[in-house]
Amino acid sequence: MSLRARIICFLLGLLIIALISFFVRRRRIYTVHAITWLSLGVLFLIMGIFPIFIEYLAQLLGIYFVPTAIIVVTLGGLIFTVLHLTIIASEQHKKIRSFEKEISILKIRDK
Amino acid sequence: MGNKYLVVLASLNEELAIGNVLADIKKYIPDADVLVVDGYSKDKTVEVSLDHGAKVIQVDKAYGIAGAVEAGILYASQHNYSHLIRLDADGQHPPEEIAKILNSNLANNVDFVLGSRYLGDADYSESLLRKISISSICLLLKVLHKVNVTDCTSGCHIYSKNLVDYFAKDSAFEYSEVRIIWMAHEAGFKIQETFINMAPRLTGESSFTPLNAANYMFKNILDLVLSMPVFFKINKGKNSK
């Protein structure tokens with residue numbers, strides 16, 4: 001992997017971590033939701049610092065052009081993040097639903 | 001509380017029909033409380049229901065009939081009713097028939113009484129498309145979940161206190177006429193089907209349109225297939241909050 005690709009990878013990782021920490025500190029993102037994003041950032045950092053991992057992965061997957069493996073890893077990380085979000089959304093759906101029921105019962109009308 | 005019934009009617013824009021239904025319920029099942037779960041109707045459904053002595057709660061119609069019946073289940077569980085009777089608010093299930101069922105069948109230990117229009121000669125008959133969809137869902141229920149019912153989309157259900165408590169505790173439960181059948185079966189409740197004579201709808205608009213029907217079919221089939229008890233029972237131990 002070329003030095004330039006490694007630097008870009010490293011900077012991208014730093015950018016993700018900085019951005020997410022910024023939002024967490026501003027309380028725009030809850031810590032639980034930040035976990036997957038931060039892991040993705042750390043993954044980028046590792047790929048930038050130790051390219052041996054990504055080269056090994058590329059060899060394992062039969063990818064001849066090594067930087068493509070970066071995209072594969074990114075895609076995997078993003079799919080995982082979206083899955084995590086879907087689970088959280090479903091949990092919230094469940095909670096809002098039960099709130100709606102409980103509140104409707106509290107607001108019961110009778111004559 | 002002793003033997004007290006709660007009738008749950010899910011309604012949306014039913015001001016013409018619901019008055020008669022409520023009057024009939026008072027006449028034939030006098031010891032029942034009535035809970036009308038309204039989806040913020042635009043007409044006078046709420047006022048008419050209140051005038052007939054029913055309790056009214058309002059659940060946004062975005063939650064559909066599922067949210068309405070779940071709210072009814074929650075209410076019944078909180079107030080210790082011995083049986084919950086879930087009927088359609090359009091008067092499809094005549095309360096006198098329900099009274100007959102209540103008098104005859106609730107003595108033995110049945111948790112779930114299902115009113116079926118196919119076990120006898122009902123006055124009400126539906127379109128061929130609807131018959132086909134109902135029988136195919138029933139077939140799926142039989143094949144995938146080993147539940148034998150003839151009318152799985154019937155809106156006439158009677159739940160015992162045990163069943164109501166079980167589903168009230170289950171915060172992830174989303175009601176549908178079909179889903180509650182196999183979930184109750186899986187949880188080991190005894191289901192019994194009896195004949196109920198259904199009357200044709202007289203007023204108001206049915207929610208049954210081709211698009212809705214396709215949506216309903218798709219959701220039910222997806223649900224039935226995804227919930228197949230392949231290696232283990234799905235909803236076992238997942239009822240904690």
# chains A, B, ... in the order shown; residues from 1 in each chain; ligands from 1
$ residues_around --residues "Ile54 of chain A" --least-positions-apart "5" --cutoff "10 Å" --atoms "only C-alpha atoms" --output "list in words"
Met1, Ile46, Met47, Gly48, Gln59, Leu60, Val66, Pro67, Thr68, Ala69, Ile70 and Val73 of chain A
$ residues_around --residues "Ser127 of chain B" --least-positions-apart "6" --cutoff "12 Å" --atoms "only C-alpha atoms" --output "list in words"
Ser133, Ile134, Phe208, Thr209, Pro210 and Ala213 of chain B
$ write_last_selection --atoms "C-alpha atoms" --output "PDB file, in the first residue's frame"
ATOM      1  CA  SER B 133     -56.573 -15.188   1.204  1.00  0.00           C
ATOM      2  CA  ILE B 134     -58.137 -16.363   4.458  1.00  0.00           C
ATOM      3  CA  PHE B 208     -60.738  -3.784   3.266  1.00  0.00           C
ATOM      4  CA  THR B 209     -59.566  -2.467  -0.094  1.00  0.00           C
ATOM      5  CA  PRO B 210     -57.458  -4.408  -2.610  1.00  0.00           C
ATOM      6  CA  ALA B 213     -55.658  -6.633   1.445  1.00  0.00           C
TER       7      ALA B 213
END
$ closest_residue --among "B:His185, B:Gly115, B:Ile137, B:Thr153" --to "Lys100 of chain B" --atoms "only C-alpha atoms"
B:Gly115
$ residues_around --residues "Ile181 of chain B" --least-positions-apart "4" --cutoff "10 Å" --atoms "only C-alpha atoms" --output "PDB file with N, CA and C atoms, in the first residue's frame"
ATOM      1  N   PHE B 112     -58.771 -19.157  24.935  1.00  0.00           N
ATOM      2  CA  PHE B 112     -58.896 -18.359  23.717  1.00  0.00           C
ATOM      3  C   PHE B 112     -60.067 -18.927  22.924  1.00  0.00           C
ATOM      4  N   LEU B 114     -62.368 -18.498  19.664  1.00  0.00           N
ATOM      5  CA  LEU B 114     -62.281 -17.851  18.365  1.00  0.00           C
ATOM      6  C   LEU B 114     -63.617 -18.032  17.663  1.00  0.00           C
ATOM      7  N   LEU B 141     -50.787 -21.334   8.615  1.00  0.00           N
ATOM      8  CA  LEU B 141     -50.827 -21.531  10.070  1.00  0.00           C
ATOM      9  C   LEU B 141     -50.734 -23.006  10.410  1.00  0.00           C
ATOM     10  N   HIS B 145     -47.202 -23.674  11.833  1.00  0.00           N
ATOM     11  CA  HIS B 145     -47.327 -23.563  13.290  1.00  0.00           C
ATOM     12  C   HIS B 145     -48.185 -24.652  13.907  1.00  0.00           C
ATOM     13  N   VAL B 147     -51.366 -25.104  13.961  1.00  0.00           N
ATOM     14  CA  VAL B 147     -52.598 -24.669  14.605  1.00  0.00           C
ATOM     15  C   VAL B 147     -53.733 -24.927  13.632  1.00  0.00           C
ATOM     16  N   ASN B 148     -54.775 -25.578  14.119  1.00  0.00           N
ATOM     17  CA  ASN B 148     -55.908 -25.859  13.248  1.00  0.00           C
ATOM     18  C   ASN B 148     -57.037 -24.884  13.493  1.00  0.00           C
ATOM     19  N   VAL B 149     -57.197 -23.899  12.607  1.00  0.00           N
ATOM     20  CA  VAL B 149     -58.343 -23.010  12.725  1.00  0.00           C
ATOM     21  C   VAL B 149     -58.967 -22.863  11.346  1.00  0.00           C
ATOM     22  N   CYS B 152     -59.064 -17.649  10.472  1.00  0.00           N
ATOM     23  CA  CYS B 152     -57.967 -17.063  11.243  1.00  0.00           C
ATOM     24  C   CYS B 152     -58.011 -15.544  11.262  1.00  0.00           C
ATOM     25  N   THR B 153     -58.800 -14.914  10.385  1.00  0.00           N
ATOM     26  CA  THR B 153     -58.817 -13.453  10.377  1.00  0.00           C
ATOM     27  C   THR B 153     -60.078 -12.899  11.020  1.00  0.00           C
ATOM     28  N   HIS B 157     -62.776 -12.436  19.106  1.00  0.00           N
ATOM     29  CA  HIS B 157     -61.935 -13.247  19.973  1.00  0.00           C
ATOM     30  C   HIS B 157     -62.359 -13.047  21.424  1.00  0.00           C
ATOM     31  N   TYR B 175     -49.937  -6.823  18.058  1.00  0.00           N
ATOM     32  CA  TYR B 175     -51.133  -7.615  17.812  1.00  0.00           C
ATOM     33  C   TYR B 175     -51.451  -7.720  16.322  1.00  0.00           C
ATOM     34  N   SER B 176     -51.852  -8.887  15.904  1.00  0.00           N
ATOM     35  CA  SER B 176     -52.639  -9.005  14.677  1.00  0.00           C
ATOM     36  C   SER B 176     -53.520 -10.224  14.884  1.00  0.00           C
ATOM     37  N   GLU B 177     -54.631 -10.279  14.178  1.00  0.00           N
ATOM     38  CA  GLU B 177     -55.577 -11.375  14.419  1.00  0.00           C
ATOM     39  C   GLU B 177     -54.894 -12.720  14.232  1.00  0.00           C
ATOM     40  N   HIS B 185     -50.865 -20.224  20.837  1.00  0.00           N
ATOM     41  CA  HIS B 185     -50.668 -21.672  20.692  1.00  0.00           C
ATOM     42  C   HIS B 185     -49.276 -22.079  21.165  1.00  0.00           C
ATOM     43  N   GLU B 186     -48.291 -21.258  20.760  1.00  0.00           N
ATOM     44  CA  GLU B 186     -46.911 -21.572  21.114  1.00  0.00           C
ATOM     45  C   GLU B 186     -46.687 -21.479  22.617  1.00  0.00           C
ATOM     46  N   PHE B 189     -51.453 -21.992  25.373  1.00  0.00           N
ATOM     47  CA  PHE B 189     -52.844 -21.715  25.737  1.00  0.00           C
ATOM     48  C   PHE B 189     -53.779 -22.571  24.896  1.00  0.00           C
ATOM     49  N   ILE B 191     -56.840 -23.184  22.633  1.00  0.00           N
ATOM     50  CA  ILE B 191     -57.649 -22.423  21.691  1.00  0.00           C
ATOM     51  C   ILE B 191     -58.854 -23.248  21.284  1.00  0.00           C
TER      52      ILE B 191
END
$ interface_residues --of "chain B" --to "chain A" --cutoff "6 Å" --atoms "only C-alpha atoms" --output "ChimeraX atom specification"
/B:50,55-59,71
$ residues_around --residues "Ile20 of chain A" --least-positions-apart "3" --cutoff "8 Å" --atoms "only C-alpha atoms" --output "PDB file with N, CA and C atoms, in the first residue's frame"
ATOM      1  N   ILE A  16     -12.970  10.787  11.659  1.00  0.00           N
ATOM      2  CA  ILE A  16     -14.179  10.141  12.197  1.00  0.00           C
ATOM      3  C   ILE A  16     -14.191  10.231  13.713  1.00  0.00           C
ATOM      4  N   ILE A  17     -13.041   9.886  14.335  1.00  0.00           N
ATOM      5  CA  ILE A  17     -12.994   9.888  15.805  1.00  0.00           C
ATOM      6  C   ILE A  17     -13.216  11.300  16.343  1.00  0.00           C
ATOM      7  N   PHE A  23     -19.380  15.436  18.650  1.00  0.00           N
ATOM      8  CA  PHE A  23     -20.833  15.339  18.824  1.00  0.00           C
ATOM      9  C   PHE A  23     -21.201  14.733  20.172  1.00  0.00           C
ATOM     10  N   VAL A  24     -20.389  13.763  20.630  1.00  0.00           N
ATOM     11  CA  VAL A  24     -20.693  13.157  21.935  1.00  0.00           C
ATOM     12  C   VAL A  24     -20.536  14.199  23.032  1.00  0.00           C
ATOM     13  N   ILE A  29     -24.905  13.161  20.222  1.00  0.00           N
ATOM     14  CA  ILE A  29     -24.942  11.711  20.026  1.00  0.00           C
ATOM     15  C   ILE A  29     -24.757  11.052  21.380  1.00  0.00           C
ATOM     16  N   ALA A  34     -22.376   5.967  19.713  1.00  0.00           N
ATOM     17  CA  ALA A  34     -21.072   6.356  19.183  1.00  0.00           C
ATOM     18  C   ALA A  34     -20.136   5.172  19.043  1.00  0.00           C
ATOM     19  N   TRP A  37     -19.378   3.838  15.527  1.00  0.00           N
ATOM     20  CA  TRP A  37     -18.643   4.819  14.723  1.00  0.00           C
ATOM     21  C   TRP A  37     -17.194   4.904  15.167  1.00  0.00           C
ATOM     22  N   LEU A  38     -16.973   4.928  16.486  1.00  0.00           N
ATOM     23  CA  LEU A  38     -15.605   5.015  16.989  1.00  0.00           C
ATOM     24  C   LEU A  38     -14.802   3.787  16.585  1.00  0.00           C
TER      25      LEU A  38
END
$ residues_around --residues "Leu40 of chain A" --least-positions-apart "3" --cutoff "9 Å" --atoms "only C-alpha atoms" --output "VMD selection string"
chain A and resid 13 16 to 17 35 to 37 43 to 45 74 77 to 78 81
$ residues_around --residues "Ala32 of chain B" --least-positions-apart "2" --cutoff "7 Å" --atoms "only C-alpha atoms" --output "list in words"
Lys4, Tyr5, Leu6, Val7, Ile29, Pro30 and Val34 of chain B
$ atom_distance --atom1 "atom CA of Phe218 of chain B" --atom2 "atom CA of Ile180 of chain B"
16.9 Å
$ residues_around --residues "Leu224 of chain B" --least-positions-apart "5" --cutoff "8 Å" --atoms "only C-alpha atoms" --output "list in words"
Leu140, Leu141, Leu144 and Arg179 of chain B
$ select_by_dssp --residues "segment 54-176 of chain B" --states "strand (DSSP E or B)" --output "list in words"
Lys55, Val56, Ile57, Gln58, His83, Leu84, Ile85, Arg86, Leu87, Asp88, Phe112, Val113, Leu114, Gly115, Ser116, His157, Ile158, Tyr159 and Ser160 of chain B
$ atom_distance --atom1 "atom CA of Pro95 of chain B" --atom2 "atom CA of Asn197 of chain B"
10.3 Å
